[in-house]
Each structure stands twice: as structure tokens, then as C-alpha cells.
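All remarks here apply to the structure that follows.
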Amino acid sequence: MTNSTRLRFGVLAAAAAVVAAGVLTAVPANAATTGTITLANTTYTSGSWGDGLDVTGSGFTADSVVTITVDDSTPATIDTHTVTADATGAFHEIYEPDNPLVLTTLGTMYSVSATSDQGDDSNTVALTVLLPKGIATDSPTISTADLADSNKGVSVAAAGYTPGERVTVSVDYQGRTLKGGTYTASAEGAVSFKLWLIGTAVPGPFVITVTGATSGVAQSVTVQVTGDTTDNGDDGDTTDNGDEGDDVAPAVGGNEVPAPAPAATQGAKNLPVVSG
């Protein structure tokens, strides 16, 4: 079971508000293309370059000095690296950029391109940057009164899923498994939502599990419910997607919520990551 205090809620929740915020920005295409680059891998996890950038180039001026550039859509240059093309105008370079790849702004897109000292320009290759795997809640405890209040409830953020996949939520509580709704993972592989209890809330563990339909990734976090027994008397719909709830009270209501902005920029090795 994942302890919610091990992860920063704001970091995990960052990407879930991207669509709602409407801040996606397309990477501009170069005006001219005389060289071509390809990448062996275009998907990375925020905070790590993994095995590095594996870049193959062709069509550049023979023996020219080629600068490989990593940009984001703010726009800003993240990193540059130089390599010398061979007599045929080609190169193959595997390296780890000096600067970390850290997702810090909602909707930021990343790309790799190349130019030479002879005026050659390459195509632009887009990178997919995912948030680290993990799950967290806004608080490790909640009162029975707040759990039974649809205006409060428990806010949850989880990441490590396949972008665009459907993610289902379930809750183990009072010896029963309750349905908590279905959400779509963002482009960064994250979801963010709020849950509240419909019916009688009693003290005890409230165990939330988030499972990806295609990736199979399942992560759980426990919130301790405290206080006196509380009943909100609400027997309405238990999910966010229009399905009529079929659980006998207690049941779980839920809806997707805007996520907080990512935490301030950090070095790659400081990002919280949970395995398993």
C-alpha cells in the first residue's frame, strides 16, 4: 500500500488540468528542412533522461558541426549538444543532456531538432514527457463529516498510466468494495479527481485503488477516516460519468477536478517516484 505522504500531491496532479486549462501549444515547424533526424526513443518520464537521447542524422553538409537542441513550447531551450557529421553528412550520437527534463508547466511540449554551422536545418521531433508513477491524496486523514460532504471529500491524484487510457477507481471501505468512477488519463499519464461518501461514514481505513484499463497499472492509497459516525442521507448517482449507482449505501460519489500547478522546478533526482 502506498503511503500518501511519500508523494507530493501537486506534482502528481499537475497534468490532469491540462485539457481543462486549454494551454496546449503546438511545436512550430521549421521553415526549411535540409537534414533529417530520428530518435530511437521519444517517450521519457519527467525527472529522468533514461538511457539518454539516441539521435541519428542524415542529409547535413559533409563534415559540418551539427547542434542538437532540446526545446520546450514556452519557448525555451532546455539543452544543446554538438556532433560532427561524417563525409556523407550523417551522424549517430547517444548522450545524456546536461540539463534535466522536468515537467513544471501545464501543457508544455518538448521537441528535438538540429542545425549545422553550414546553415542546415532539420525536422522537429516531438517528445512525450510523462509524470512519474505514484498516487497521493491531499491529506492522509479525513473526518467522517468531511468524507460525507460532496463539497469536501478526498482529492486524489495518480500518474504512471498510458496517455488517453480509461482509469477506473474503486474504494475498499467497511468490508465492501465500492465503485468510484472512471476517468481518462491526460497526455502526461495522470488523473485527478475527488471522492466523497454517500451514506453512513464511520471511522476506519478508506482504501482508494486506481487501475488503468489498458496498462494494467494499479495503485492504492489509504486515507484514515476519523470522528463520529455520520450519515449524509444522499442516495444519488455514485459516479461522474452518468451511470446510475447500483451500490447499496454506503456508496462513493466522484468527479474530475482541476489540478494544482506543478511544483517549482527541481533537479531530476529530487522528484518523488514510487515503484511497484
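Naming scheme: A, B, ... for chains in displayed order of the C-alpha cells; residues 1 onward per chain; ligands 1 onward as shown.
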Using DSSP secondary structure from the backbone, list all strand (DSSP E or B) positions within segment 32-100 of chain A, as a PyMOL selection string. chain A and resi 35-39+43-45+53-58+65-72+76-84+91-95
Output N, CA, C and O atoms for every residue in that selection, as a compact mmCIF listing (two decimals), in the first residue's frame.
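What ended up in selection12.txt:
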# COMPACT_ATOMS: atom_id res chain seq x y z
N GLY A 35 18.13 18.66 -43.53
CA GLY A 35 18.67 17.49 -42.86
C GLY A 35 17.54 16.75 -42.18
O GLY A 35 16.45 17.29 -42.00
N THR A 36 17.78 15.52 -41.81
CA THR A 36 16.75 14.70 -41.17
C THR A 36 17.31 14.05 -39.92
O THR A 36 18.42 13.52 -39.93
N ILE A 37 16.56 14.12 -38.81
CA ILE A 37 16.94 13.40 -37.60
C ILE A 37 15.83 12.45 -37.19
O ILE A 37 14.65 12.70 -37.44
N THR A 38 16.21 11.35 -36.57
CA THR A 38 15.27 10.41 -35.98
C THR A 38 15.77 10.07 -34.58
O THR A 38 16.97 10.11 -34.31
N LEU A 39 14.84 9.74 -33.69
CA LEU A 39 15.17 9.38 -32.32
C LEU A 39 14.75 7.94 -32.06
O LEU A 39 13.65 7.53 -32.44
N THR A 43 9.78 8.93 -25.76
CA THR A 43 8.97 8.99 -24.54
C THR A 43 9.87 8.94 -23.31
O THR A 43 10.68 8.02 -23.17
N TYR A 44 9.71 9.91 -22.42
CA TYR A 44 10.51 10.00 -21.21
C TYR A 44 9.63 10.29 -20.01
O TYR A 44 8.51 10.78 -20.15
N THR A 45 10.16 10.00 -18.82
CA THR A 45 9.47 10.32 -17.58
C THR A 45 10.08 11.58 -17.00
O THR A 45 11.31 11.71 -16.95
N LEU A 53 19.42 10.47 -25.03
CA LEU A 53 18.93 10.72 -26.38
C LEU A 53 19.77 9.93 -27.37
O LEU A 53 21.00 10.01 -27.37
N ASP A 54 19.10 9.17 -28.20
CA ASP A 54 19.75 8.38 -29.25
C ASP A 54 19.31 9.00 -30.58
O ASP A 54 18.21 8.74 -31.06
N VAL A 55 20.19 9.85 -31.15
CA VAL A 55 19.82 10.66 -32.31
C VAL A 55 20.62 10.22 -33.54
O VAL A 55 21.85 10.10 -33.49
N THR A 56 19.92 9.98 -34.64
CA THR A 56 20.55 9.66 -35.92
C THR A 56 20.21 10.77 -36.90
O THR A 56 19.05 11.19 -37.00
N GLY A 57 21.23 11.29 -37.60
CA GLY A 57 21.01 12.35 -38.55
C GLY A 57 21.55 12.01 -39.93
O GLY A 57 22.50 11.23 -40.06
N SER A 58 20.96 12.60 -40.95
CA SER A 58 21.44 12.42 -42.32
C SER A 58 21.05 13.66 -43.12
O SER A 58 20.18 14.43 -42.72
N VAL A 65 29.53 20.89 -38.37
CA VAL A 65 29.27 20.75 -36.93
C VAL A 65 27.76 20.94 -36.71
O VAL A 65 27.21 22.01 -37.02
N VAL A 66 27.13 19.90 -36.19
CA VAL A 66 25.67 19.91 -36.01
C VAL A 66 25.35 20.12 -34.53
O VAL A 66 25.90 19.45 -33.66
N THR A 67 24.45 21.05 -34.27
CA THR A 67 24.00 21.30 -32.90
C THR A 67 22.62 20.70 -32.71
O THR A 67 21.67 21.06 -33.41
N ILE A 68 22.51 19.76 -31.78
CA ILE A 68 21.23 19.14 -31.42
C ILE A 68 20.63 19.96 -30.29
O ILE A 68 21.28 20.21 -29.27
N THR A 69 19.38 20.37 -30.45
CA THR A 69 18.74 21.25 -29.47
C THR A 69 17.45 20.65 -28.95
O THR A 69 16.63 20.14 -29.71
N VAL A 70 17.29 20.70 -27.63
CA VAL A 70 16.03 20.30 -26.99
C VAL A 70 15.32 21.59 -26.56
O VAL A 70 15.87 22.38 -25.79
N ASP A 71 14.10 21.79 -27.07
CA ASP A 71 13.32 22.99 -26.75
C ASP A 71 12.02 22.61 -26.06
O ASP A 71 11.56 21.46 -26.15
N ASP A 72 11.42 23.60 -25.38
CA ASP A 72 10.03 23.42 -24.96
C ASP A 72 9.19 24.50 -25.63
O ASP A 72 9.70 25.38 -26.32
N ALA A 76 11.55 27.85 -24.84
CA ALA A 76 12.84 27.96 -24.17
C ALA A 76 13.72 26.80 -24.61
O ALA A 76 13.22 25.71 -24.92
N THR A 77 15.02 27.03 -24.62
CA THR A 77 15.96 25.97 -24.95
C THR A 77 16.35 25.24 -23.67
O THR A 77 16.82 25.85 -22.71
N ILE A 78 16.14 23.93 -23.66
CA ILE A 78 16.45 23.11 -22.50
C ILE A 78 17.91 22.68 -22.52
O ILE A 78 18.60 22.71 -21.49
N ASP A 79 18.39 22.30 -23.69
CA ASP A 79 19.75 21.77 -23.76
C ASP A 79 20.25 21.81 -25.20
O ASP A 79 19.45 21.73 -26.15
N THR A 80 21.58 21.93 -25.38
CA THR A 80 22.20 21.82 -26.70
C THR A 80 23.40 20.88 -26.62
O THR A 80 24.02 20.74 -25.56
N HIS A 81 23.69 20.24 -27.75
CA HIS A 81 24.80 19.28 -27.82
C HIS A 81 25.33 19.28 -29.25
O HIS A 81 24.55 19.31 -30.20
N THR A 82 26.64 19.26 -29.41
CA THR A 82 27.21 19.30 -30.76
C THR A 82 27.85 17.97 -31.15
O THR A 82 28.37 17.24 -30.31
N VAL A 83 27.78 17.68 -32.46
CA VAL A 83 28.35 16.48 -33.03
C VAL A 83 28.81 16.83 -34.45
O VAL A 83 28.24 17.72 -35.08
N THR A 84 29.83 16.16 -34.94
CA THR A 84 30.33 16.42 -36.29
C THR A 84 29.81 15.38 -37.28
O THR A 84 29.95 14.17 -37.04
N PHE A 91 25.30 11.33 -39.00
CA PHE A 91 25.87 11.13 -37.67
C PHE A 91 24.94 10.24 -36.85
O PHE A 91 23.75 10.10 -37.16
N HIS A 92 25.49 9.64 -35.81
CA HIS A 92 24.71 8.88 -34.83
C HIS A 92 25.31 9.18 -33.47
O HIS A 92 26.48 8.88 -33.22
N GLU A 93 24.51 9.77 -32.57
CA GLU A 93 25.01 10.20 -31.26
C GLU A 93 24.06 9.74 -30.17
O GLU A 93 22.85 9.91 -30.26
N ILE A 94 24.63 9.12 -29.12
CA ILE A 94 23.86 8.73 -27.94
C ILE A 94 24.46 9.49 -26.76
O ILE A 94 25.65 9.35 -26.47
N TYR A 95 23.67 10.29 -26.09
CA TYR A 95 24.20 11.09 -24.98
C TYR A 95 23.09 11.45 -24.01
O TYR A 95 21.89 11.37 -24.33
Skipping near chain neighbours, those fewer than 2 positions away, what residues fall within 7 Å of Lys194 of chain A using only C-alpha atoms, listed as a VMD selection string? chain A and resid 153 to 156 196 254 to 257
Please identify the alpha helix (DSSP H) residues within segment 44-199 of chain A (assignment by DSSP from backbone atoms) and present them as an MDAnalysis selection string. chainID A and resid 144:147
With N, CA and C atoms kept, could you save the residues just selected as a PDB file, in the first residue's frame?
ATOM      1  N   THR A 144     -15.234  12.043   9.343  1.00  0.00           N
ATOM      2  CA  THR A 144     -16.440  11.424   8.783  1.00  0.00           C
ATOM      3  C   THR A 144     -17.362  12.480   8.184  1.00  0.00           C
ATOM      4  N   ALA A 145     -17.424  13.645   8.822  1.00  0.00           N
ATOM      5  CA  ALA A 145     -18.293  14.723   8.320  1.00  0.00           C
ATOM      6  C   ALA A 145     -17.812  15.214   6.956  1.00  0.00           C
ATOM      7  N   ASP A 146     -16.487  15.388   6.800  1.00  0.00           N
ATOM      8  CA  ASP A 146     -15.952  15.871   5.523  1.00  0.00           C
ATOM      9  C   ASP A 146     -16.048  14.797   4.448  1.00  0.00           C
ATOM     10  N   LEU A 147     -15.882  13.540   4.817  1.00  0.00           N
ATOM     11  CA  LEU A 147     -15.979  12.461   3.838  1.00  0.00           C
ATOM     12  C   LEU A 147     -17.391  12.369   3.277  1.00  0.00           C
TER      13      LEU A 147
END
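Minimum atom-to-atom distances from A:Ile135, A:Ala40, A:Ala148, A:Val102 to Gly227 of chain A were compared using only C-alpha atoms, and the lowest value belongs to A:Ala148.
Comparing the minimum interatomic distances between Gln219 of chain A and each of A:Val125, A:Leu195, A:Met109, A:Ala136, counting only C-alpha atoms, we find that A:Ala136 sits nearest.
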Env of Phe206 of chain A: 10 Å cut, atoms = only C-alpha atoms, seq-sep filter 5 positions within chain, self excluded. Answer as a PDB file with all heavy atoms, in the first residue's frame.
ATOM      1  N   THR A 141      -5.606  11.958   6.305  1.00  0.00           N
ATOM      2  CA  THR A 141      -6.766  11.697   7.154  1.00  0.00           C
ATOM      3  C   THR A 141      -7.924  12.583   6.726  1.00  0.00           C
ATOM      4  O   THR A 141      -7.738  13.630   6.095  1.00  0.00           O
ATOM      5  CB  THR A 141      -6.455  11.975   8.638  1.00  0.00           C
ATOM      6  OG1 THR A 141      -6.144  13.365   8.802  1.00  0.00           O
ATOM      7  CG2 THR A 141      -5.289  11.126   9.123  1.00  0.00           C
ATOM      8  N   ILE A 142      -9.151  12.175   7.094  1.00  0.00           N
ATOM      9  CA  ILE A 142     -10.334  12.979   6.833  1.00  0.00           C
ATOM     10  C   ILE A 142     -11.386  12.644   7.878  1.00  0.00           C
ATOM     11  O   ILE A 142     -11.474  11.494   8.341  1.00  0.00           O
ATOM     12  CB  ILE A 142     -10.886  12.728   5.412  1.00  0.00           C
ATOM     13  CG1 ILE A 142     -11.983  13.734   5.082  1.00  0.00           C
ATOM     14  CG2 ILE A 142     -11.381  11.291   5.252  1.00  0.00           C
ATOM     15  CD1 ILE A 142     -12.434  13.693   3.627  1.00  0.00           C
ATOM     16  N   LEU A 147     -15.882  13.540   4.817  1.00  0.00           N
ATOM     17  CA  LEU A 147     -15.979  12.461   3.838  1.00  0.00           C
ATOM     18  C   LEU A 147     -17.391  12.369   3.277  1.00  0.00           C
ATOM     19  O   LEU A 147     -17.586  12.046   2.096  1.00  0.00           O
ATOM     20  CB  LEU A 147     -15.595  11.125   4.481  1.00  0.00           C
ATOM     21  CG  LEU A 147     -15.605   9.900   3.558  1.00  0.00           C
ATOM     22  CD1 LEU A 147     -14.593  10.069   2.418  1.00  0.00           C
ATOM     23  CD2 LEU A 147     -15.317   8.625   4.348  1.00  0.00           C
ATOM     24  N   VAL A 154     -12.365  13.637  -0.524  1.00  0.00           N
ATOM     25  CA  VAL A 154     -10.939  13.344  -0.657  1.00  0.00           C
ATOM     26  C   VAL A 154     -10.498  13.649  -2.080  1.00  0.00           C
ATOM     27  O   VAL A 154     -11.071  13.135  -3.044  1.00  0.00           O
ATOM     28  CB  VAL A 154     -10.651  11.847  -0.366  1.00  0.00           C
ATOM     29  CG1 VAL A 154      -9.163  11.544  -0.541  1.00  0.00           C
ATOM     30  CG2 VAL A 154     -11.114  11.471   1.025  1.00  0.00           C
ATOM     31  N   VAL A 171     -13.048   1.729  -4.153  1.00  0.00           N
ATOM     32  CA  VAL A 171     -12.733   2.032  -2.759  1.00  0.00           C
ATOM     33  C   VAL A 171     -13.109   0.842  -1.892  1.00  0.00           C
ATOM     34  O   VAL A 171     -14.227   0.316  -1.990  1.00  0.00           O
ATOM     35  CB  VAL A 171     -13.503   3.291  -2.280  1.00  0.00           C
ATOM     36  CG1 VAL A 171     -13.247   3.526  -0.795  1.00  0.00           C
ATOM     37  CG2 VAL A 171     -13.097   4.512  -3.098  1.00  0.00           C
ATOM     38  N   ASP A 172     -12.177   0.400  -1.063  1.00  0.00           N
ATOM     39  CA  ASP A 172     -12.459  -0.625  -0.062  1.00  0.00           C
ATOM     40  C   ASP A 172     -12.748   0.082   1.257  1.00  0.00           C
ATOM     41  O   ASP A 172     -11.887   0.808   1.786  1.00  0.00           O
ATOM     42  CB  ASP A 172     -11.267  -1.573   0.084  1.00  0.00           C
ATOM     43  CG  ASP A 172     -11.098  -2.467  -1.126  1.00  0.00           C
ATOM     44  OD1 ASP A 172     -12.124  -2.850  -1.722  1.00  0.00           O
ATOM     45  OD2 ASP A 172      -9.947  -2.756  -1.504  1.00  0.00           O
ATOM     46  N   TYR A 173     -13.951  -0.142   1.773  1.00  0.00           N
ATOM     47  CA  TYR A 173     -14.379   0.590   2.966  1.00  0.00           C
ATOM     48  C   TYR A 173     -15.463  -0.213   3.679  1.00  0.00           C
ATOM     49  O   TYR A 173     -16.397  -0.718   3.049  1.00  0.00           O
ATOM     50  CB  TYR A 173     -14.917   1.968   2.543  1.00  0.00           C
ATOM     51  CG  TYR A 173     -15.345   2.864   3.664  1.00  0.00           C
ATOM     52  CD1 TYR A 173     -14.449   3.307   4.631  1.00  0.00           C
ATOM     53  CD2 TYR A 173     -16.664   3.320   3.737  1.00  0.00           C
ATOM     54  CE1 TYR A 173     -14.853   4.163   5.640  1.00  0.00           C
ATOM     55  CE2 TYR A 173     -17.081   4.185   4.734  1.00  0.00           C
ATOM     56  CZ  TYR A 173     -16.171   4.602   5.686  1.00  0.00           C
ATOM     57  OH  TYR A 173     -16.573   5.458   6.689  1.00  0.00           O
ATOM     58  N   GLN A 174     -15.333  -0.363   4.958  1.00  0.00           N
ATOM     59  CA  GLN A 174     -16.291  -1.096   5.777  1.00  0.00           C
ATOM     60  C   GLN A 174     -16.508  -2.524   5.264  1.00  0.00           C
ATOM     61  O   GLN A 174     -17.619  -3.064   5.290  1.00  0.00           O
ATOM     62  CB  GLN A 174     -17.642  -0.367   5.811  1.00  0.00           C
ATOM     63  CG  GLN A 174     -17.585   1.024   6.420  1.00  0.00           C
ATOM     64  CD  GLN A 174     -18.956   1.668   6.502  1.00  0.00           C
ATOM     65  OE1 GLN A 174     -19.954   1.015   6.818  1.00  0.00           O
ATOM     66  NE2 GLN A 174     -19.020   2.964   6.225  1.00  0.00           N
ATOM     67  N   LEU A 197     -18.276  10.149   0.270  1.00  0.00           N
ATOM     68  CA  LEU A 197     -19.111   9.001   0.630  1.00  0.00           C
ATOM     69  C   LEU A 197     -20.584   9.375   0.600  1.00  0.00           C
ATOM     70  O   LEU A 197     -20.986  10.423   1.085  1.00  0.00           O
ATOM     71  CB  LEU A 197     -18.743   8.485   2.014  1.00  0.00           C
ATOM     72  CG  LEU A 197     -19.354   7.125   2.369  1.00  0.00           C
ATOM     73  CD1 LEU A 197     -18.669   6.019   1.570  1.00  0.00           C
ATOM     74  CD2 LEU A 197     -19.247   6.847   3.858  1.00  0.00           C
ATOM     75  N   VAL A 221      -3.907   3.893  -2.263  1.00  0.00           N
ATOM     76  CA  VAL A 221      -3.524   4.785  -1.176  1.00  0.00           C
ATOM     77  C   VAL A 221      -4.615   4.722  -0.108  1.00  0.00           C
ATOM     78  O   VAL A 221      -5.801   4.559  -0.429  1.00  0.00           O
ATOM     79  CB  VAL A 221      -3.328   6.228  -1.693  1.00  0.00           C
ATOM     80  CG1 VAL A 221      -4.618   6.794  -2.276  1.00  0.00           C
ATOM     81  CG2 VAL A 221      -2.776   7.132  -0.612  1.00  0.00           C
ATOM     82  N   THR A 222      -4.217   4.819   1.154  1.00  0.00           N
ATOM     83  CA  THR A 222      -5.164   4.717   2.261  1.00  0.00           C
ATOM     84  C   THR A 222      -5.335   6.059   2.956  1.00  0.00           C
ATOM     85  O   THR A 222      -4.349   6.721   3.296  1.00  0.00           O
ATOM     86  CB  THR A 222      -4.690   3.674   3.287  1.00  0.00           C
ATOM     87  OG1 THR A 222      -4.608   2.402   2.656  1.00  0.00           O
ATOM     88  CG2 THR A 222      -5.660   3.591   4.460  1.00  0.00           C
ATOM     89  N   VAL A 223      -6.591   6.442   3.152  1.00  0.00           N
ATOM     90  CA  VAL A 223      -6.924   7.625   3.938  1.00  0.00           C
ATOM     91  C   VAL A 223      -7.618   7.149   5.208  1.00  0.00           C
ATOM     92  O   VAL A 223      -8.560   6.345   5.138  1.00  0.00           O
ATOM     93  CB  VAL A 223      -7.855   8.576   3.160  1.00  0.00           C
ATOM     94  CG1 VAL A 223      -8.265   9.767   4.028  1.00  0.00           C
ATOM     95  CG2 VAL A 223      -7.164   9.059   1.891  1.00  0.00           C
ATOM     96  N   GLN A 224      -7.167   7.596   6.355  1.00  0.00           N
ATOM     97  CA  GLN A 224      -7.785   7.205   7.614  1.00  0.00           C
ATOM     98  C   GLN A 224      -8.953   8.130   7.924  1.00  0.00           C
ATOM     99  O   GLN A 224      -8.807   9.348   7.978  1.00  0.00           O
ATOM    100  CB  GLN A 224      -6.768   7.249   8.758  1.00  0.00           C
ATOM    101  CG  GLN A 224      -5.683   6.190   8.659  1.00  0.00           C
ATOM    102  CD  GLN A 224      -6.237   4.769   8.773  1.00  0.00           C
ATOM    103  OE1 GLN A 224      -7.272   4.539   9.436  1.00  0.00           O
ATOM    104  NE2 GLN A 224      -5.564   3.820   8.133  1.00  0.00           N
ATOM    105  N   VAL A 225     -10.146   7.523   8.115  1.00  0.00           N
ATOM    106  CA  VAL A 225     -11.347   8.283   8.437  1.00  0.00           C
ATOM    107  C   VAL A 225     -11.484   8.349   9.960  1.00  0.00           C
ATOM    108  O   VAL A 225     -11.394   7.335  10.643  1.00  0.00           O
ATOM    109  CB  VAL A 225     -12.598   7.627   7.821  1.00  0.00           C
ATOM    110  CG1 VAL A 225     -13.845   8.467   8.127  1.00  0.00           C
ATOM    111  CG2 VAL A 225     -12.415   7.456   6.314  1.00  0.00           C
TER     112      VAL A 225
END
Could you pull the residues within 10 Å of Thr168 of chain A, counting only C-alpha atoms, minus those fewer than 5 positions along the same chain, as a PDB file with all heavy atoms, in the first residue's frame?
ATOM      1  N   LYS A 179     -17.687   1.334  -6.105  1.00  0.00           N
ATOM      2  CA  LYS A 179     -17.264   1.939  -7.366  1.00  0.00           C
ATOM      3  C   LYS A 179     -17.047   3.433  -7.178  1.00  0.00           C
ATOM      4  O   LYS A 179     -17.868   4.109  -6.564  1.00  0.00           O
ATOM      5  CB  LYS A 179     -18.305   1.695  -8.456  1.00  0.00           C
ATOM      6  CG  LYS A 179     -18.491   0.226  -8.807  1.00  0.00           C
ATOM      7  CD  LYS A 179     -19.462   0.059  -9.964  1.00  0.00           C
ATOM      8  CE  LYS A 179     -20.832   0.604  -9.629  1.00  0.00           C
ATOM      9  NZ  LYS A 179     -21.793   0.386 -10.740  1.00  0.00           N
ATOM     10  N   GLY A 180     -15.943   3.945  -7.753  1.00  0.00           N
ATOM     11  CA  GLY A 180     -15.626   5.353  -7.570  1.00  0.00           C
ATOM     12  C   GLY A 180     -15.557   6.154  -8.853  1.00  0.00           C
ATOM     13  O   GLY A 180     -15.080   7.278  -8.848  1.00  0.00           O
ATOM     14  N   GLY A 181     -15.965   5.596  -9.996  1.00  0.00           N
ATOM     15  CA  GLY A 181     -15.972   6.355 -11.236  1.00  0.00           C
ATOM     16  C   GLY A 181     -14.868   5.958 -12.199  1.00  0.00           C
ATOM     17  O   GLY A 181     -13.994   5.150 -11.882  1.00  0.00           O
ATOM     18  N   THR A 182     -14.926   6.516 -13.396  1.00  0.00           N
ATOM     19  CA  THR A 182     -13.965   6.243 -14.463  1.00  0.00           C
ATOM     20  C   THR A 182     -13.491   7.562 -15.063  1.00  0.00           C
ATOM     21  O   THR A 182     -14.300   8.450 -15.328  1.00  0.00           O
ATOM     22  CB  THR A 182     -14.594   5.372 -15.563  1.00  0.00           C
ATOM     23  OG1 THR A 182     -15.089   4.170 -14.979  1.00  0.00           O
ATOM     24  CG2 THR A 182     -13.561   5.013 -16.616  1.00  0.00           C
ATOM     25  N   TYR A 183     -12.186   7.677 -15.304  1.00  0.00           N
ATOM     26  CA  TYR A 183     -11.600   8.917 -15.811  1.00  0.00           C
ATOM     27  C   TYR A 183     -10.634   8.605 -16.946  1.00  0.00           C
ATOM     28  O   TYR A 183     -10.252   7.454 -17.148  1.00  0.00           O
ATOM     29  CB  TYR A 183     -10.873   9.659 -14.680  1.00  0.00           C
ATOM     30  CG  TYR A 183     -11.753   9.857 -13.462  1.00  0.00           C
ATOM     31  CD1 TYR A 183     -11.719   8.932 -12.406  1.00  0.00           C
ATOM     32  CD2 TYR A 183     -12.638  10.916 -13.394  1.00  0.00           C
ATOM     33  CE1 TYR A 183     -12.552   9.080 -11.302  1.00  0.00           C
ATOM     34  CE2 TYR A 183     -13.474  11.086 -12.301  1.00  0.00           C
ATOM     35  CZ  TYR A 183     -13.429  10.164 -11.252  1.00  0.00           C
ATOM     36  OH  TYR A 183     -14.265  10.314 -10.176  1.00  0.00           O
ATOM     37  N   THR A 184     -10.231   9.630 -17.681  1.00  0.00           N
ATOM     38  CA  THR A 184      -9.304   9.457 -18.793  1.00  0.00           C
ATOM     39  C   THR A 184      -7.949  10.049 -18.432  1.00  0.00           C
ATOM     40  O   THR A 184      -7.863  11.213 -18.012  1.00  0.00           O
ATOM     41  CB  THR A 184      -9.839  10.148 -20.061  1.00  0.00           C
ATOM     42  OG1 THR A 184     -11.104   9.569 -20.407  1.00  0.00           O
ATOM     43  CG2 THR A 184      -8.867   9.959 -21.224  1.00  0.00           C
ATOM     44  N   THR A 209      -8.169   2.647  -4.850  1.00  0.00           N
ATOM     45  CA  THR A 209      -7.344   1.970  -5.860  1.00  0.00           C
ATOM     46  C   THR A 209      -7.675   2.532  -7.234  1.00  0.00           C
ATOM     47  O   THR A 209      -8.844   2.646  -7.602  1.00  0.00           O
ATOM     48  CB  THR A 209      -7.579   0.451  -5.847  1.00  0.00           C
ATOM     49  OG1 THR A 209      -7.230  -0.074  -4.555  1.00  0.00           O
ATOM     50  CG2 THR A 209      -6.724  -0.243  -6.905  1.00  0.00           C
ATOM     51  N   VAL A 210      -6.626   2.887  -7.991  1.00  0.00           N
ATOM     52  CA  VAL A 210      -6.790   3.457  -9.334  1.00  0.00           C
ATOM     53  C   VAL A 210      -6.127   2.506 -10.317  1.00  0.00           C
ATOM     54  O   VAL A 210      -4.927   2.231 -10.215  1.00  0.00           O
ATOM     55  CB  VAL A 210      -6.146   4.857  -9.413  1.00  0.00           C
ATOM     56  CG1 VAL A 210      -6.387   5.471 -10.779  1.00  0.00           C
ATOM     57  CG2 VAL A 210      -6.694   5.757  -8.315  1.00  0.00           C
ATOM     58  N   THR A 211      -6.902   1.990 -11.300  1.00  0.00           N
ATOM     59  CA  THR A 211      -6.419   0.949 -12.202  1.00  0.00           C
ATOM     60  C   THR A 211      -6.587   1.357 -13.661  1.00  0.00           C
ATOM     61  O   THR A 211      -7.680   1.767 -14.081  1.00  0.00           O
ATOM     62  CB  THR A 211      -7.184  -0.366 -11.959  1.00  0.00           C
ATOM     63  OG1 THR A 211      -7.069  -0.735 -10.587  1.00  0.00           O
ATOM     64  CG2 THR A 211      -6.622  -1.480 -12.837  1.00  0.00           C
ATOM     65  N   GLY A 212      -5.522   1.237 -14.433  1.00  0.00           N
ATOM     66  CA  GLY A 212      -5.566   1.544 -15.858  1.00  0.00           C
ATOM     67  C   GLY A 212      -6.152   0.392 -16.644  1.00  0.00           C
ATOM     68  O   GLY A 212      -5.749  -0.762 -16.461  1.00  0.00           O
ATOM     69  N   ALA A 213      -7.090   0.689 -17.543  1.00  0.00           N
ATOM     70  CA  ALA A 213      -7.780  -0.363 -18.288  1.00  0.00           C
ATOM     71  C   ALA A 213      -6.866  -1.063 -19.284  1.00  0.00           C
ATOM     72  O   ALA A 213      -7.013  -2.270 -19.531  1.00  0.00           O
ATOM     73  CB  ALA A 213      -8.991   0.217 -19.016  1.00  0.00           C
ATOM     74  N   ALA A 218      -2.054  -0.614 -11.386  1.00  0.00           N
ATOM     75  CA  ALA A 218      -2.976  -0.459 -10.263  1.00  0.00           C
ATOM     76  C   ALA A 218      -2.203   0.093  -9.073  1.00  0.00           C
ATOM     77  O   ALA A 218      -1.178  -0.466  -8.678  1.00  0.00           O
ATOM     78  CB  ALA A 218      -3.630  -1.787  -9.908  1.00  0.00           C
TER      79      ALA A 218
END
Write out as a PyMOL selection string the residues lying within 12 Å of Thr128 of chain A, counting only C-alpha atoms and excluding same-chain residues fewer than 6 positions away. chain A and resi 41-46+49+72+101-103+107-112+162-163+186-189
